[in-house]
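Peer 1: I'd like to ask you about the structure that follows.
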Number of protein chains: 2
Amino acid sequence: MELEQMGALAKEASRKLVKLSKPIKNACLLSIASNLVEEADMIIEANQKDLDNGKLNNMPQAMLDRLSLTRKRIEAIAEGVRQVAALEDPVGEVVSMKERPNGLLIGSKRVPLGVIGMIYESRPNVTIDAFSLCFKTGNAVILRGGSDAIHSNIALVDIIKTSLIENHVTPNAVFLLEDTSRETATKMMQMNEYIDVLIPRGGAGLIQSVVKNATVPVIETGTGNCHVYIDESADVDMAVSIVKNAKLQRLGVCNACESLVVHSGIASKVMPAILELFKENECEIRGDDLAQAFDEKILPATEEDFAQEFLDKIISVKIVDSITEAIAHINHYSTGHSEAIVTSNYENAQRFLNEIDSAAVYVNASTRFTDGFEFGFGAEIGISTQKLHARGPMGLEALTTNKYIIYGNGQVRP
Amino acid sequence: MELEQMGALAKEASRKLVKLSKPIKNACLLSIASNLVEEADMIIEANQKDLDNGKLNNMPQAMLDRLSLTRKRIEAIAEGVRQVAALEDPVGEVVSMKERPNGLLIGSKRVPLGVIGMIYESRPNVTIDAFSLCFKTGNAVILRGGSDAIHSNIALVDIIKTSLIENHVTPNAVFLLEDTSRETATKMMQMNEYIDVLIPRGGAGLIQSVVKNATVPVIETGTGNCHVYIDESADVDMAVSIVKNAKLQRLGVCNACESLVVHSGIASKVMPAILELFKENECEIRGDDLAQAFDEKILPATEEDFAQEFLDKIISVKIVDSITEAIAHINHYSTGHSEAIVTSNYENAQRFLNEIDSAAVYVNASTRFTDGFEFGFGAEIGISTQKLHARGPMGLEALTTNKYIIYGNGQVRP
């Protein structure tokens with residue numbers, strides 16, 4: 001099917017989805033969950049084709065692992081869909097309604113965005129996750145996954161469509177681009193007539209390509225050059241424990257710490273324990289001149305190192321003489337995702353919260369908590385690092401917009 | 001000054017503006033208001049240069065009038081700034097704060113967007129309006145007005161900068177692009193490093209050019225192909241009064257009605273009065289076959305006519321056999337701005353409110369009310385016709401984003 005036609009059908013479907021009752025939407029999601037488990041063999045067979053191609057193309061083991069679907073993983077995906085079904089549906093809520101002096105009653109109602117375009121990389125579970133969150137909020141979705149996972153994605157979308165039909169709901173609520181060429185992706189990013197919002201999920205390269213090429217409004221997600229700043233007054237044990245968690249608990253995630261900033265007044269107390277921690281965990285350190293003085297094995301940090309999301313056992317370290325310098329350094333190099341201060345000083349805690357320009361700013365806690373589930377949203381479609389529409393973890397509400405509904409009795413403007 | 005340098009300085013200024021107290025921000029606005037009035041002669045002199053150039057370039061009289069600044073108009077602009085000073089400042093409000101089971105206290109705080117880029121056409125009052133709304137909400141702003149108003153804009157921005165300096169606030173809170181070339185505008189639209197949001201204001205051409213060329217997130221404003229639908233059960237007098245107000249009160253505005261949809265069951269009762277109204281007001285009618293049957297002077301409506309924002313004494317008319325057909329027609333041709341139904345039928349009122357996919361949906365009232373002041377926001381930076389971030393009239397809140405502030409006591413992620 002032509003992309004243009006998919007867009008038109010998805011738009012048409014979105015008009016129907018806005019009218020679907022909450023019980024019917026949830027029934028569809030539960031059907032999908034059970035059909036996923038029932039058809040696990042078929043999914044695994046399709047997935048095997050992708051794995052075989054991956055091996056032929058010398059895909060690294062870590063990526064093959066991310067791509068692979070086992071019965072257990074399929075059950076976990078199905079369980080995720082059931083959890084989305086159980087969440088409260090934000091659509092339809094009238095968040096405010098006020099009477100104006102002329103008698104007009106003006107309300108703001110939460111409504112679906114319409115058609116959402118998702119552009120993402122290999123992990124096939126995103127196909128089901130993204131669909132279920134978009135569908136729960138009454139949106140149609142056009143999925144453009146990577147070519148690496150195309151057979152898995154075709155199988156998964158097939159199950160979604162079958163489940164929708166079983167529930168007498170239009171299967172045009174979801175489309176998958178089987179043509180995974182760059183040209184078609186670019187065309188999709190410019191389908192302003194049919195797509196209301198694009199959400200890219202994946203590496204920095206993918207996201208920047210969408211930001212650069214899209215004319216459809218984009219929610220930029222992801223890249224996290226997150227900082228932990230150890231203030232002069234920090235509790236040393238707490239500082240080490242937070243740095244350990246933020247940097248080392250999971251390396252490849254966007255809320256991991258990539259850069260450590262330490263006040264010079266506490267450096268001699270806290271650096272030895274941190275150096276030992278990194279040595280034990282084989283984490284490479286790239287520091288400024290002052291940091292290098294603590295250990296001859298610390299490599300000099302370049303400008304690029306301070307700006308980089310390593311997603312690996314590498315961290316940059318900067319020693320500062322004041323919280324003012326720390327804040328300026330962080331605001332300069334950060335990608336605006338998550339930053340933490342470890343401090344016992346009330347005023348510095350407040351300054352950090354006020355002056356750091358990032359989606360999530362922490363006092364005395366690990367940056368690893370920036371996550372829709374940890375924030376209590378029950379689900380997450382991504383973490384926005386832009387300031388428009390949604391900032392930080394995006395749950396179901398981020399997939400809705402508002403509509404003003406106005407009740408009059410003949411008012412005209414004077 | 002180079003655009004790149006302006007961007008860097010504006011970003012730096014935005015870090016300071018976020019810390020400005022509300023009284024200081026308001027003091028600056030009041031200084032600007034009094035300096036505008038005091039320097040009225042200087043502004044009028046600069047404005048005269050623009051008017052002279054306009055005449056040389058055969059600018060139409062209506063545009064010369066929009067461009068012209070008189071003492072009275074300058075006083076009105078200053079009064080607008082005083083009104084913005086008097087509005088409640090949304091910045092700093094913590095809109096929710098919840099404790100998670102692990103003891104983390106997670107709050108969502110309203111903060112400035114950062115640096116806003118405004119791209120707009122001739123009317124120089126936008127320079128002051130846009131600055132005052134952006135500054136009130138703690139944002140720095142880079143203004144790119146039209147070349148037609150460049151001398152007026154330079155004079156106005158000069159007054160803003162002087163007033164800021166008088167109040168010991170950085171004059172880098174505002175920049176004006178004196179180079180009004182297209183190339184520089186395009187470069188500005190792609191300064192993702194320094195500009196957080198672009199707001200274009202002007203005709204459809206300008207807005208589409210920004211949507212197409214920008215990589216910075218855009219809030220699309222403006223174009224309104226607004227519909228009034230007269231349902232079978234409508235009160236005829238109310239219908240005529242609403243059509244008159246919506247179409248004829250002001251022609252060149254985005255919330256004016258451009259297309260009339262009439263149920264066939266009431267057409268014979270309501271069309272004669274409407275045809276008379278349009279005849280009296282010399283408003284041209286372009287209708288479908290059924291509409292043309294009512295008067296031989298009605299021209300046939302083309303596909304383009306139904307899709308057009310005339311901003312003139314022209315209206316398209318479509319006769320439908322059901323509310324379902326009316327809703328489908330409107331959702332197909334509308335630009336998603338404002339639509340109204342005139343009806344006495346409860347169920348049809350609810351269906352229209354639910355199923356019409358526009359920023360503002362009215363029952364028994366004129367579309368002309370879609371306006372920040374009429375909605376009670378006290379100010380308006382534009383009317384968004386997109387679904388991300390803000391939809392409909394945008395007041396001060398639309399110039400803010402949220403930041404998650406998280407208070408911990410050493411929490412790490414398990």
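Identifiers for the structure tokens are assigned positionally: chains receive A, B, ... in sequence, residues are indexed from 1 per chain, and ligands are indexed from 1 in the order shown.
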So that I can check the surroundings of B:Val236, please list as JSON, numbers by chain every protein, DNA and RNA residue that reaches within 10 Å of it, counting only C-alpha atoms and ignoring chain neighbours fewer than 6 positions away.
Peer 2: {"B": [230, 242, 266, 267, 269, 270, 271, 273, 274, 342, 343]}
Peer 1: Could you please tell me, as a PyMOL selection string, which residues of chain B have an atom within 7 Å of chain A when using only C-alpha atoms?
Peer 2: chain B and resi 113+196+211-212+215+217+238+242+245+353+358-366+368-369+387-389+391+401-413
Peer 1: As a PyMOL selection string, please: all residues of stretch 285-381 of chain A that backbone DSSP puts in helix (DSSP H, G or I).
Peer 2: chain A and resi 289-292+303-307+323-333+346-355+367-369
Peer 1: Leaving out B:Asp129 and any residue of its chain fewer than 3 positions from it, which residues lie within 8 Å of it when counting only C-alpha atoms, given as an mmCIF file with all heavy atoms, in the first residue's frame?
Peer 2:
```cif
data_model
loop_
_atom_site.group_PDB
_atom_site.id
_atom_site.type_symbol
_atom_site.label_atom_id
_atom_site.label_comp_id
_atom_site.auth_asym_id
_atom_site.auth_seq_id
_atom_site.Cartn_x
_atom_site.Cartn_y
_atom_site.Cartn_z
ATOM 1 N N ILE B 77 -0.379 50.710 22.688
ATOM 2 C CA ILE B 77 0.631 49.646 22.840
ATOM 3 C C ILE B 77 1.190 49.671 24.262
ATOM 4 O O ILE B 77 1.330 48.627 24.916
ATOM 5 C CB ILE B 77 1.761 49.812 21.791
ATOM 6 C CG1 ILE B 77 1.220 49.563 20.374
ATOM 7 C CG2 ILE B 77 2.927 48.864 22.087
ATOM 8 C CD1 ILE B 77 2.202 49.896 19.254
ATOM 9 N N GLY B 80 -1.174 48.185 26.628
ATOM 10 C CA GLY B 80 -1.106 46.723 26.533
ATOM 11 C C GLY B 80 0.010 46.154 27.393
ATOM 12 O O GLY B 80 -0.159 45.129 28.058
ATOM 13 N N VAL B 81 1.159 46.838 27.396
ATOM 14 C CA VAL B 81 2.291 46.374 28.202
ATOM 15 C C VAL B 81 1.938 46.458 29.693
ATOM 16 O O VAL B 81 2.228 45.543 30.468
ATOM 17 C CB VAL B 81 3.564 47.204 27.906
ATOM 18 C CG1 VAL B 81 4.723 46.734 28.778
ATOM 19 C CG2 VAL B 81 3.938 47.090 26.427
ATOM 20 N N ASN B 125 3.406 46.659 16.228
ATOM 21 C CA ASN B 125 2.956 46.438 17.604
ATOM 22 C C ASN B 125 3.270 45.026 18.090
ATOM 23 O O ASN B 125 3.429 44.789 19.289
ATOM 24 C CB ASN B 125 1.458 46.715 17.744
ATOM 25 C CG ASN B 125 0.637 45.775 16.893
ATOM 26 O OD1 ASN B 125 0.915 45.616 15.703
ATOM 27 N ND2 ASN B 125 -0.325 45.116 17.487
ATOM 28 N N VAL B 126 3.405 44.075 17.138
ATOM 29 C CA VAL B 126 3.733 42.693 17.522
ATOM 30 C C VAL B 126 5.093 42.658 18.241
ATOM 31 O O VAL B 126 5.307 41.857 19.139
ATOM 32 C CB VAL B 126 3.728 41.748 16.295
ATOM 33 C CG1 VAL B 126 4.191 40.345 16.674
ATOM 34 C CG2 VAL B 126 2.341 41.695 15.677
ATOM 35 N N SER B 132 6.709 41.526 25.458
ATOM 36 C CA SER B 132 6.204 41.645 26.834
ATOM 37 C C SER B 132 5.655 40.316 27.342
ATOM 38 O O SER B 132 5.871 39.960 28.505
ATOM 39 C CB SER B 132 5.208 42.805 26.983
ATOM 40 O OG SER B 132 4.190 42.715 26.036
ATOM 41 N N LEU B 133 5.004 39.542 26.482
ATOM 42 C CA LEU B 133 4.497 38.241 26.916
ATOM 43 C C LEU B 133 5.651 37.262 27.187
ATOM 44 O O LEU B 133 5.635 36.517 28.174
ATOM 45 C CB LEU B 133 3.543 37.663 25.874
ATOM 46 C CG LEU B 133 2.252 38.470 25.664
ATOM 47 C CD1 LEU B 133 1.481 37.954 24.464
ATOM 48 C CD2 LEU B 133 1.379 38.413 26.913
ATOM 49 N N ILE B 381 -0.634 35.281 22.547
ATOM 50 C CA ILE B 381 0.563 35.326 21.691
ATOM 51 C C ILE B 381 0.238 34.770 20.304
ATOM 52 O O ILE B 381 0.997 34.921 19.364
ATOM 53 C CB ILE B 381 1.751 34.552 22.340
ATOM 54 C CG1 ILE B 381 3.073 34.762 21.593
ATOM 55 C CG2 ILE B 381 1.449 33.077 22.458
ATOM 56 C CD1 ILE B 381 3.906 35.871 22.118
#
```
Peer 1: With only C-alpha atoms as the atoms that count, which of A:Ala85, A:Ala256, A:Leu290, A:Ala155 lies nearest to A:Pro23?
Peer 2: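 Smallest separation from A:Pro23 among the options: A:Ala85.
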Peer 1: Could you check the closest approach to B:Asn153 for each of B:Ala46, B:Leu248, B:Ala204, B:Ile285 and tell me which residue wins, using only C-alpha atoms?
Peer 2: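 When distances to B:Asn153 are compared using only C-alpha atoms, the smallest one comes from B:Ala46.
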Peer 1: Interatomic distance between atom CA of A:Ala27 and atom CA of A:Asn167?
Peer 2: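 Between these atoms lies a distance of 7.4 Å.
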Peer 1: Can you tell me which residues surround A:Gly203 at a distance of at most 8 Å, considering only C-alpha atoms, apart from same-chain residues fewer than 2 positions away, and format the answer as a ChimeraX atom specification?
Peer 2: /A:121,201,205-207,222-223
Peer 1: Just the selected residues (all heavy atoms), exported as a short mmCIF file (atom, residue, chain, number, x, y, z; two decimals), in the first residue's frame, please.
Peer 2:
```cif
data_model
loop_
_atom_site.label_atom_id
_atom_site.label_comp_id
_atom_site.auth_asym_id
_atom_site.auth_seq_id
_atom_site.Cartn_x
_atom_site.Cartn_y
_atom_site.Cartn_z
N GLU A 121 13.95 1.94 16.19
CA GLU A 121 14.96 0.97 15.76
C GLU A 121 14.62 -0.45 16.24
O GLU A 121 13.52 -0.71 16.71
CB GLU A 121 16.34 1.45 16.18
CG GLU A 121 16.79 2.61 15.28
CD GLU A 121 18.04 3.33 15.75
OE1 GLU A 121 18.36 3.28 16.96
OE2 GLU A 121 18.69 3.94 14.90
N ARG A 201 12.11 7.00 18.34
CA ARG A 201 12.75 6.33 19.47
C ARG A 201 13.95 5.55 18.97
O ARG A 201 13.80 4.71 18.07
CB ARG A 201 11.78 5.38 20.18
CG ARG A 201 10.99 6.11 21.25
CD ARG A 201 10.05 5.20 21.98
NE ARG A 201 10.74 4.16 22.73
CZ ARG A 201 10.11 3.33 23.55
NH1 ARG A 201 8.79 3.41 23.70
NH2 ARG A 201 10.77 2.41 24.21
N GLY A 205 21.48 9.31 16.29
CA GLY A 205 21.48 9.50 14.85
C GLY A 205 20.07 9.50 14.28
O GLY A 205 19.68 10.39 13.51
N LEU A 206 19.30 8.50 14.69
CA LEU A 206 17.91 8.40 14.23
C LEU A 206 17.12 9.63 14.64
O LEU A 206 16.40 10.23 13.83
CB LEU A 206 17.25 7.15 14.85
CG LEU A 206 15.74 7.04 14.61
CD1 LEU A 206 15.45 6.44 13.25
CD2 LEU A 206 15.06 6.21 15.70
N ILE A 207 17.26 10.03 15.90
CA ILE A 207 16.46 11.15 16.40
C ILE A 207 16.85 12.44 15.69
O ILE A 207 15.98 13.21 15.27
CB ILE A 207 16.60 11.24 17.94
CG1 ILE A 207 15.85 10.05 18.56
CG2 ILE A 207 16.05 12.56 18.46
CD1 ILE A 207 16.18 9.77 19.99
N GLY A 222 14.98 11.19 24.27
CA GLY A 222 16.13 10.38 24.46
C GLY A 222 17.45 10.83 24.96
O GLY A 222 17.73 10.59 26.11
N THR A 223 18.26 11.42 24.11
CA THR A 223 19.68 11.54 24.45
C THR A 223 19.89 12.15 25.83
O THR A 223 19.38 13.21 26.15
CB THR A 223 20.42 12.41 23.40
OG1 THR A 223 19.85 12.13 22.14
CG2 THR A 223 21.89 12.12 23.41
#
```
Peer 1: Which polymer residues have any atom within 12 Å of an atom of B:Ala185, counting only C-alpha atoms, with same-chain residues fewer than 3 positions away left out, as a list in words?
Peer 2: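 Once the adjacent positions are removed, what remains is Leu3, Gly117, Met118, Ile119, Tyr120, Ile142, Leu143, Arg144, Gly145, Gly146, Ser147, Leu176, Leu177, Glu178, Asp179, Thr180, Ser181, Arg182, Met188, Met189, Gln190, Met191, Leu198, Pro200, Leu206, Ser209, Val210, Asn213 and Ala214 of chain B.
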Peer 1: Please identify the strand (DSSP E) residues within stretch 49-226 of chain A (assignment by DSSP from backbone atoms) and present them as JSON, numbers by chain.
Peer 2: {"A": [94, 95, 96, 97, 98, 99, 105, 106, 107, 108, 109, 110, 111, 112, 115, 116, 117, 118, 119, 120, 140, 141, 142, 143, 144, 174, 175, 176, 197, 198, 199, 200, 201, 226]}
Peer 1: Keeping C-alpha atoms for every residue in the selection just given, could you write it to a file as a PDB file, in the first residue's frame?
Peer 2:
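Result written to again-v4.pdb:
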```pdb
ATOM      1  CA  VAL A  94     -12.758  17.988  30.927  1.00  0.00           C
ATOM      2  CA  VAL A  95      -9.877  19.479  32.875  1.00  0.00           C
ATOM      3  CA  SER A  96     -11.501  22.871  33.411  1.00  0.00           C
ATOM      4  CA  MET A  97     -14.783  24.551  32.597  1.00  0.00           C
ATOM      5  CA  LYS A  98     -15.535  28.173  33.320  1.00  0.00           C
ATOM      6  CA  GLU A  99     -18.406  30.504  32.624  1.00  0.00           C
ATOM      7  CA  LEU A 105     -19.330  28.074  29.157  1.00  0.00           C
ATOM      8  CA  ILE A 106     -15.767  27.285  27.981  1.00  0.00           C
ATOM      9  CA  GLY A 107     -14.260  23.912  28.794  1.00  0.00           C
ATOM     10  CA  SER A 108     -10.947  22.289  27.961  1.00  0.00           C
ATOM     11  CA  LYS A 109     -11.292  18.607  27.135  1.00  0.00           C
ATOM     12  CA  ARG A 110      -8.562  16.007  26.759  1.00  0.00           C
ATOM     13  CA  VAL A 111      -8.775  14.384  23.309  1.00  0.00           C
ATOM     14  CA  PRO A 112      -6.539  12.069  21.244  1.00  0.00           C
ATOM     15  CA  VAL A 115      -2.495  10.032  13.992  1.00  0.00           C
ATOM     16  CA  ILE A 116       0.880   9.384  15.592  1.00  0.00           C
ATOM     17  CA  GLY A 117       3.929   8.385  13.570  1.00  0.00           C
ATOM     18  CA  MET A 118       6.469   6.240  15.421  1.00  0.00           C
ATOM     19  CA  ILE A 119       9.950   5.837  13.932  1.00  0.00           C
ATOM     20  CA  TYR A 120      12.110   3.416  15.863  1.00  0.00           C
ATOM     21  CA  ALA A 140      -4.242   5.776  15.124  1.00  0.00           C
ATOM     22  CA  VAL A 141      -0.564   4.959  14.620  1.00  0.00           C
ATOM     23  CA  ILE A 142       1.748   4.503  11.663  1.00  0.00           C
ATOM     24  CA  LEU A 143       4.771   2.436  12.656  1.00  0.00           C
ATOM     25  CA  ARG A 144       8.099   2.582  10.905  1.00  0.00           C
ATOM     26  CA  VAL A 174      -2.433   0.635  12.888  1.00  0.00           C
ATOM     27  CA  PHE A 175      -0.204   0.577   9.835  1.00  0.00           C
ATOM     28  CA  LEU A 176       3.310  -0.742   9.482  1.00  0.00           C
ATOM     29  CA  VAL A 197       2.878  14.052  15.683  1.00  0.00           C
ATOM     30  CA  LEU A 198       6.086  12.096  15.148  1.00  0.00           C
ATOM     31  CA  ILE A 199       7.810  10.315  17.996  1.00  0.00           C
ATOM     32  CA  PRO A 200      11.249   8.932  17.147  1.00  0.00           C
ATOM     33  CA  ARG A 201      12.755   6.327  19.472  1.00  0.00           C
ATOM     34  CA  CYS A 226      23.213  13.296  32.575  1.00  0.00           C
TER      35      CYS A 226
END
```
Peer 1: For the atom pair atom CA of A:Phe377 and atom CA of A:Thr70, what is the interatomic distance in Å to one decimal place?
Peer 2: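 Going from atom CA of A:Phe377 over to atom CA of A:Thr70 covers 27.5 Å.
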